[in-house]
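Comments concern the structure below.
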Amino acid sequence: MKAKYTLIIQYFFVLLFVYAAISKLITFEAFQVQLTQSPLLSAYANIIAYLVIIVELVIALLLSLKQTKTLGLYLSYGLMVAFTIYIYLILNYSDFIPCSCGGILEKMGWSEHLWFNIIVCVVGLLAIYFQEGKNNKRFILSSVLLTVLSTGIVVLLFISSEYIIKRENPFVRRYLPHGVIEDQTLDLQVNSFYFSGYYNDTLYLGNHTSPLRYISIDQNFQRQDFQIQIDSLHLPYSQLKFKTNYPNFYLADGTLAMVFNGRVDNSKEQKETKVWSYKQAYFSDFIPIDSTTIVFKGQSSMNFQNVLGIINQDTTTRVKLNPDLLQSDSDGVFDTDGILTYSKEKQQLIYTYYYKNQFIQTDNHLTLLSRQNTIDTTKTQGINSAKLSTGENKMTSPIKAINSKVIAHRNLLFIVSNSMGQNESQKMWKQASIVDVYDFTSSSYIGSFYINHLGEDKLSDLIVTDHYLYGLFDKNLVRYKMAISLTSKFR
């Protein structure tokens with residue numbers, strides 16, 4: 001009876017491992033990507049993809065030979081213990097739970113898979129016990145050693161993979177399962193809108209081609225149009241930008257050092273403004289902090305390099321620059337260029353470089369809090385530029401920005417990346433934008449997700465609220481629901 005039980009378990013393992021290995025080989029590329037997305041083994045995805053298949057086939061061969069079937073049973077038990085510990089760590093210690101594996105267990109959830117593995121380990125151990133007969137000492141010693149060794153290997157892989165992903169930066173993305181799910185779409189009729197801010201679940205959008213008009217979109221996707229009234233219409237405005245920080249809005253043209261402000265918290269379609277700042281500072285971008293303060297990106301009059309500064313209407317010295325924040329690696333203009341974003345909840349400003357893997361975190365007074373790196377490995381790029389007779393700087397050898405869009409919400413930073421990581425599909429990059437998510441308060445990478453193009457239209461802008469992520473695609477506004485694993489990171 002014992003011999004028959006052992007034989008049944010022996011051939012069960014043969015069928016299980018052969019089937020598993022063949023199914024992985026048939027869908028090898030998908031299997032590699034799946035391992036890459038694992039929150040525990042991302043750094044070793046390429047090696048483990050080959051190693052698991054080889055080990056499964058070798059064990060199946062050992063089980064099929066009379067001389068090595070005992071060794072095969074021990075190795076089967078050890079491998080199943082490793083798989084079991086892996087699933088336990090996924091369920092209890094990983095940042096997120098990835099999609100279930102394919103093959104024979106495709107329909108199982110992670111908890112069911114864990115129990116399946118535990119049962120297989122128990123029946124495998126019993127088969128070894130029957131196979132060893134009276135040799136109880138070898139059975140106990142070998143079983144304990146295999147259990148400790150298998151557990152130790154998986155735990156060490158987990159710890160070292162975490163270290164590599166978060167510290168050594170090999171640029172391996174972790175894709176969050178169901179990162180965002182398309183919820184609703186609104187036709188805006190024109191393609192010149194951009195996000196300027198939000199309050200609760202009401203969005204505010206400026207218009208590039210009609211800068212004196214803006215719209216609001218409420219949570220029911222109802223649109224309302226507004227007209228901004230300003231004085232000094234004779235000035236040659238060329239870069240008017242609309243930003244909101246509820247209940248205020250700001251309309252500014254940094255080339256003229258002109259800033260107007262008004263209020264969005266009323267239903268009047270005609271929005272009156274007053275001059276908030278004039279001739280105090282020239283800038284290329286700005287972001288409002290509160291009713292008396294804006295942070296801006298401008299150029300130093302000393303060396304014409306990018307510099308961050310503050311206009312504060314409550315201080316004696318209205319304009320303050322911090323020339324030490326932006327660090328140059330080459331020309332000082334393009335290599336320090338980047339994107340301003342602000343977390344109102346954390347009262348922190350984030351400046352993300354376009355051309356290198358770094359963002360800067362400051363407080364409301366532009367005091368440096370930290371410099372953090374993204375998962376991209378581009379620490380610096382050699383940028384060649386020339387200054388034209390007009391005073392304008394131009395790249396002489398254009399390069400592509402690695403970070404294109406950035407938005408902060410609470411403790412999270414969402415970066416639309418232009419860089420492809422390891423083991424990523426060229427096909428997917430052609431049909432989607434990739435968003436990398438960071439927790440800037442804990443200096444950690446959370447994960448990444450796709451935002452598919454809307455037909456031929458690519459993502460042109462995005463904004464995040466407590467409940468949704470919104471994207472602009474040409475003339476369309478799309479609302480997405482965010483995965484629980486992502487919203488749970490808000491704090």
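Lettering and numbering for the structure tokens are positional, with chains as A, B, ... in the shown order, residues counted from 1 in each chain, and ligands counted from 1 in the shown order.
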
query: Got a sec: who's within 10 Å of Arg371 (chain A), counting only C-alpha atoms, leaving out chain neighbours fewer than 5 positions off, as number ranges by chain?
result: A: 325, 350-352, 358-362, 440, 443

Could those residues be written to a file, using N, CA and C atoms, as a short mmCIF file (atom, residue, chain, number, x, y, z; two decimals), in the first residue's frame?
```cif
data_model
loop_
_atom_site.label_atom_id
_atom_site.label_comp_id
_atom_site.auth_asym_id
_atom_site.auth_seq_id
_atom_site.Cartn_x
_atom_site.Cartn_y
_atom_site.Cartn_z
N LEU A 325 19.75 74.95 -5.58
CA LEU A 325 18.88 73.78 -5.71
C LEU A 325 19.14 72.99 -6.98
N ILE A 350 7.87 69.64 -5.46
CA ILE A 350 8.70 68.64 -6.12
C ILE A 350 9.12 69.20 -7.49
N TYR A 351 10.42 69.20 -7.73
CA TYR A 351 10.95 69.60 -9.04
C TYR A 351 11.63 68.38 -9.67
N THR A 352 11.10 67.94 -10.81
CA THR A 352 11.60 66.74 -11.49
C THR A 352 12.34 67.13 -12.76
N GLN A 358 16.30 62.26 -11.50
CA GLN A 358 16.31 62.85 -10.17
C GLN A 358 15.16 63.83 -10.01
N PHE A 359 14.62 63.90 -8.79
CA PHE A 359 13.71 64.97 -8.43
C PHE A 359 14.11 65.54 -7.07
N ILE A 360 13.76 66.82 -6.90
CA ILE A 360 14.14 67.57 -5.70
C ILE A 360 12.91 67.85 -4.88
N GLN A 361 13.02 67.66 -3.59
CA GLN A 361 11.91 67.86 -2.66
C GLN A 361 12.26 69.03 -1.73
N THR A 362 11.38 70.05 -1.69
CA THR A 362 11.63 71.21 -0.83
C THR A 362 10.37 71.54 -0.02
N PHE A 440 7.31 59.96 -2.14
CA PHE A 440 8.46 60.85 -1.90
C PHE A 440 8.69 61.08 -0.41
N SER A 443 10.86 57.88 0.28
CA SER A 443 11.93 57.67 -0.72
C SER A 443 11.86 56.27 -1.33
#
```

- request: Please identify which residues in region 132-297 of chain A DSSP calls helix (DSSP H, G or I) from the backbone, and express them as a PyMOL selection string.
  value: chain A and resi 132+136-168

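Here the question is which of A:His113, A:Arg138, A:Lys66, A:Lys346 gets nearest to Met80 (chain A) using only C-alpha atoms, and that residue is A:His113.
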
message: Need the shell around Ala408 (chain A): protein/DNA/RNA residues with any atom at most 12 Å away, counting only C-alpha atoms. Skip same-chain ones fewer than 4 positions apart. Format as an MDAnalysis selection string?
response: chainID A and resid 197 339:352 359 361 412:416 436:441 462:466 469 490

message: Quick one: residues within 10 Å of Lys400 (chain A), only C-alpha atoms, excluding same-chain residues fewer than 5 positions away - as a ChimeraX atom specification?
response: /A:354-355,418-419

Restricted to N, CA, C and O atoms, what would the selected residues look like written as a PDB file, in the first residue's frame?
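Final output, result.pdb:
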```
ATOM      1  N   TYR A 354      13.860  66.965 -16.461  1.00  0.00           N
ATOM      2  CA  TYR A 354      13.462  66.334 -17.720  1.00  0.00           C
ATOM      3  C   TYR A 354      14.474  65.288 -18.163  1.00  0.00           C
ATOM      4  O   TYR A 354      14.106  64.231 -18.679  1.00  0.00           O
ATOM      5  N   TYR A 355      15.773  65.582 -18.001  1.00  0.00           N
ATOM      6  CA  TYR A 355      16.813  64.825 -18.691  1.00  0.00           C
ATOM      7  C   TYR A 355      17.694  63.978 -17.780  1.00  0.00           C
ATOM      8  O   TYR A 355      18.713  63.451 -18.223  1.00  0.00           O
ATOM      9  N   ASN A 418       9.548  58.316 -20.374  1.00  0.00           N
ATOM     10  CA  ASN A 418       9.842  58.031 -21.789  1.00  0.00           C
ATOM     11  C   ASN A 418      10.895  56.945 -21.946  1.00  0.00           C
ATOM     12  O   ASN A 418      11.350  56.685 -23.063  1.00  0.00           O
ATOM     13  N   SER A 419      11.301  56.309 -20.842  1.00  0.00           N
ATOM     14  CA  SER A 419      12.390  55.334 -20.898  1.00  0.00           C
ATOM     15  C   SER A 419      11.867  53.923 -20.700  1.00  0.00           C
ATOM     16  O   SER A 419      11.087  53.656 -19.784  1.00  0.00           O
TER      17      SER A 419
END
```

query: If we count only C-alpha atoms, what is near His365 (chain A) at a cut-off of 12 Å, once residues fewer than 3 positions away on the same chain are taken out, given as a ChimeraX atom specification?
result: /A:289-290,293-296,308-312,315,319-322,347-349,361-362,368-369

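Note that CA of Ile54 (chain A) and CA of Ile22 (chain A) are 10.6 Å apart.
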
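For Glu456 (chain A), the non-local neighbours within 12 Å, defined as residues at least 5 positions apart in the same chain or in other chains and counting only C-alpha atoms, are Lys430, Gln431, Ala432, Phe473, Asp474, Lys475 and Asn476 of chain A.
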
Go ahead and dump the residues you just picked, C-alpha atoms, as a PDB file, in the first residue's frame.
```
ATOM      1  CA  LYS A 430       3.665  51.847 -28.903  1.00  0.00           C
ATOM      2  CA  GLN A 431       0.114  51.631 -27.551  1.00  0.00           C
ATOM      3  CA  ALA A 432       0.374  53.060 -24.033  1.00  0.00           C
ATOM      4  CA  PHE A 473      -6.136  62.727 -25.083  1.00  0.00           C
ATOM      5  CA  ASP A 474      -6.474  65.288 -27.886  1.00  0.00           C
ATOM      6  CA  LYS A 475     -10.135  66.408 -27.516  1.00  0.00           C
ATOM      7  CA  ASN A 476     -11.120  63.839 -24.891  1.00  0.00           C
TER       8      ASN A 476
END
```

- request: Could you check how far CA of Leu146 (chain A) sits from CA of Lys24 (chain A), in Å to one decimal?
  value: 25.0 Å

message: Would you pick out the contacts of Ile451 (chain A) at 8 Å or less, using only C-alpha atoms, so that residues sharing its chain but fewer than 3 positions from it are not included, and give the list as a PyMOL selection string?
response: chain A and resi 180+432-435+459

Using C-alpha atoms, can you write the selected residues to a file as a compact mmCIF listing (two decimals), in the first residue's frame?
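Final file, again.txt:
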```
# COMPACT_ATOMS: atom_id res chain seq x y z
CA VAL A 180 -6.04 52.16 -13.56
CA ALA A 432 0.37 53.06 -24.03
CA SER A 433 2.04 55.61 -21.77
CA ILE A 434 3.87 54.30 -18.70
CA VAL A 435 3.41 55.99 -15.34
CA LEU A 459 -1.81 60.98 -23.18
```
